Amino acid sequence: MFFPGDGDVTSPDVSWSYTSFHVFRKWLAQVEGFSLAEMDGFGGDRPWSRASTTLVPLLDHPDDDGPDFTPAQCAGMLPRLETIISQWQDEESDPVLQRHIDDARQLAVVMRLCLDKDVELIFG
């Protein structure tokens, strides 16, 4: 689960099962032009330093007990996430793709709130 570190339990959040979080990141990596499976930590040996996307902090995030994201990291990832959403939002025929887009929208809302309030995006 990702949620703003603002102490407000009514703030929006986004959550996935371990499997769903992995599938979401796998899709994002594919959109960014590479396979998550080829990356270090996901079965491959390609270093993350060779990935040219601002989404690396999210894509290379552990499935559990990982670090929180700073407002600066959110600011770095949010524009790319919003671009992906806008590029794929009209693809309503595929329910799996629509779920990924909906998840990306939820994550973008939470990231935007973290930026607006200048708080960390907590992974818990």
# chains A, B, ... in the order shown; residues from 1 in each chain; ligands from 1
$ residues_around --residues "Ile122 in chain A" --least-positions-apart "6" --cutoff "10 Å" --atoms "only C-alpha atoms" --output "PyMOL selection string"
chain A and resi 1-6+13+66-70+114
$ residues_around --residues "range 43-56 of chain A" --least-positions-apart "4" --cutoff "8 Å" --atoms "only C-alpha atoms" --output "MDAnalysis selection string"
chainID A and resid 32 37:39 60 76:77 80:81
$ write_last_selection --atoms "C-alpha atoms" --output "PDB file, in the first residue's frame"
ATOM      1  CA  GLU A  32       8.986   1.941 -20.971  1.00  0.00           C
ATOM      2  CA  ALA A  37      12.385  -9.995 -16.019  1.00  0.00           C
ATOM      3  CA  GLU A  38      15.669  -8.885 -17.595  1.00  0.00           C
ATOM      4  CA  MET A  39      16.434  -6.527 -14.710  1.00  0.00           C
ATOM      5  CA  ASP A  60      12.881  -1.346  -8.710  1.00  0.00           C
ATOM      6  CA  GLY A  76      10.358  12.966 -10.797  1.00  0.00           C
ATOM      7  CA  MET A  77       7.986  10.054 -11.426  1.00  0.00           C
ATOM      8  CA  ARG A  80       5.928  10.204 -16.731  1.00  0.00           C
ATOM      9  CA  LEU A  81       3.115   8.352 -14.990  1.00  0.00           C
TER      10      LEU A  81
END
$ closest_residue --among "A:Ser93, A:His100, A:Ile85, A:Asp8" --to "Phe21 in chain A" --atoms "only C-alpha atoms"
A:His100
$ select_by_dssp --residues "range 3-72 of chain A" --states "helix (DSSP H, G or I)" --output "number ranges by chain"
A: 18-31, 36-38, 48-50, 56-59, 71-72
$ closest_residue --among "A:Leu59, A:Val110, A:Ser86, A:Ala72" --to "Gln30 in chain A" --atoms "only C-alpha atoms"
A:Leu59
$ residues_around --residues "Trp16 in chain A" --least-positions-apart "4" --cutoff "12 Å" --atoms "only C-alpha atoms" --output "list in words"
Met1, Phe2, Ser20, Phe21, His22, Val23, Phe24, Arg25, Asp63, Asp64, Arg99, His100, Asp103, Ala104, Gln106, Leu107, Phe123 and Gly124 of chain A
$ select_by_dssp --residues "chain A" --states "strand (DSSP E or B)" --output "VMD selection string"
chain A and resid 2 to 4 14 39 to 40 44 46 69 121 to 123
$ closest_residue --among "A:Asp65, A:Glu120, A:Ser11, A:Thr83" --to "Leu28 in chain A" --atoms "only C-alpha atoms"
A:Thr83
$ residues_around --residues "Leu115 in chain A" --least-positions-apart "4" --cutoff "8 Å" --atoms "only C-alpha atoms" --output "PDB file with C-alpha atoms, in the first residue's frame"
ATOM      1  CA  PRO A  71       8.414  14.394  -2.529  1.00  0.00           C
ATOM      2  CA  CYS A  74       7.329  11.712  -6.594  1.00  0.00           C
ATOM      3  CA  ALA A  75       7.973  14.900  -8.582  1.00  0.00           C
ATOM      4  CA  MET A 111       1.677  11.215  -5.606  1.00  0.00           C
ATOM      5  CA  VAL A 119       5.104  14.769   2.465  1.00  0.00           C
TER       6      VAL A 119
END
$ closest_residue --among "A:Val9, A:Val14, A:Leu113, A:Ala108" --to "Glu82 in chain A" --atoms "only C-alpha atoms"
A:Ala108
$ closest_residue --among "A:Ser17, A:Asp116, A:Phe42, A:Ile101" --to "Ile84 in chain A" --atoms "only C-alpha atoms"
A:Ile101
$ atom_distance --atom1 "CA of Ser15 in chain A" --atom2 "CA of Trp27 in chain A"
16.2 Å
$ decode --residues "range 68-122 of chain A" --atoms "C-alpha atoms" --output "compact mmCIF listing (two decimals), in the first residue's frame"
# COMPACT_ATOMS: atom_id res chain seq x y z
CA ASP A 68 9.30 5.43 1.15
CA PHE A 69 9.43 7.95 -1.70
CA THR A 70 10.42 11.53 -1.04
CA PRO A 71 8.41 14.39 -2.53
CA ALA A 72 11.33 14.92 -4.95
CA GLN A 73 11.10 11.31 -6.13
CA CYS A 74 7.33 11.71 -6.59
CA ALA A 75 7.97 14.90 -8.58
CA GLY A 76 10.36 12.97 -10.80
CA MET A 77 7.99 10.05 -11.43
CA LEU A 78 4.61 11.79 -11.64
CA PRO A 79 4.98 13.48 -15.05
CA ARG A 80 5.93 10.20 -16.73
CA LEU A 81 3.12 8.35 -14.99
CA GLU A 82 0.63 11.00 -16.14
CA THR A 83 1.96 10.75 -19.71
CA ILE A 84 1.48 6.99 -19.70
CA ILE A 85 -2.06 7.41 -18.39
CA SER A 86 -2.92 9.90 -21.13
CA GLN A 87 -1.39 7.69 -23.84
CA TRP A 88 -3.32 4.59 -22.80
CA GLN A 89 -6.58 5.97 -21.39
CA ASP A 90 -8.60 5.35 -24.56
CA GLU A 91 -7.74 1.63 -24.64
CA GLU A 92 -10.94 0.58 -22.89
CA SER A 93 -11.46 -2.70 -24.73
CA ASP A 94 -8.92 -4.66 -22.67
CA PRO A 95 -10.02 -5.07 -19.02
CA VAL A 96 -6.49 -5.92 -17.84
CA LEU A 97 -5.08 -2.81 -19.48
CA GLN A 98 -7.93 -0.74 -18.05
CA ARG A 99 -7.06 -2.03 -14.56
CA HIS A 100 -3.43 -0.94 -15.03
CA ILE A 101 -4.57 2.50 -16.16
CA ASP A 102 -6.91 2.79 -13.17
CA ASP A 103 -4.09 1.76 -10.83
CA ALA A 104 -1.79 4.32 -12.44
CA ARG A 105 -4.45 7.01 -11.97
CA GLN A 106 -4.83 6.13 -8.28
CA LEU A 107 -1.07 6.23 -7.80
CA ALA A 108 -0.87 9.58 -9.59
CA VAL A 109 -3.56 11.03 -7.29
CA VAL A 110 -1.63 9.92 -4.22
CA MET A 111 1.68 11.21 -5.61
CA ARG A 112 0.07 14.57 -6.45
CA LEU A 113 -1.26 14.85 -2.89
CA CYS A 114 2.20 14.09 -1.51
CA LEU A 115 3.63 16.87 -3.65
CA ASP A 116 0.90 19.32 -2.69
CA LYS A 117 1.44 18.62 1.01
CA ASP A 118 5.23 18.16 0.72
CA VAL A 119 5.10 14.77 2.46
CA GLU A 120 6.59 11.37 1.72
CA LEU A 121 4.75 8.67 -0.17
CA ILE A 122 4.74 5.92 2.43
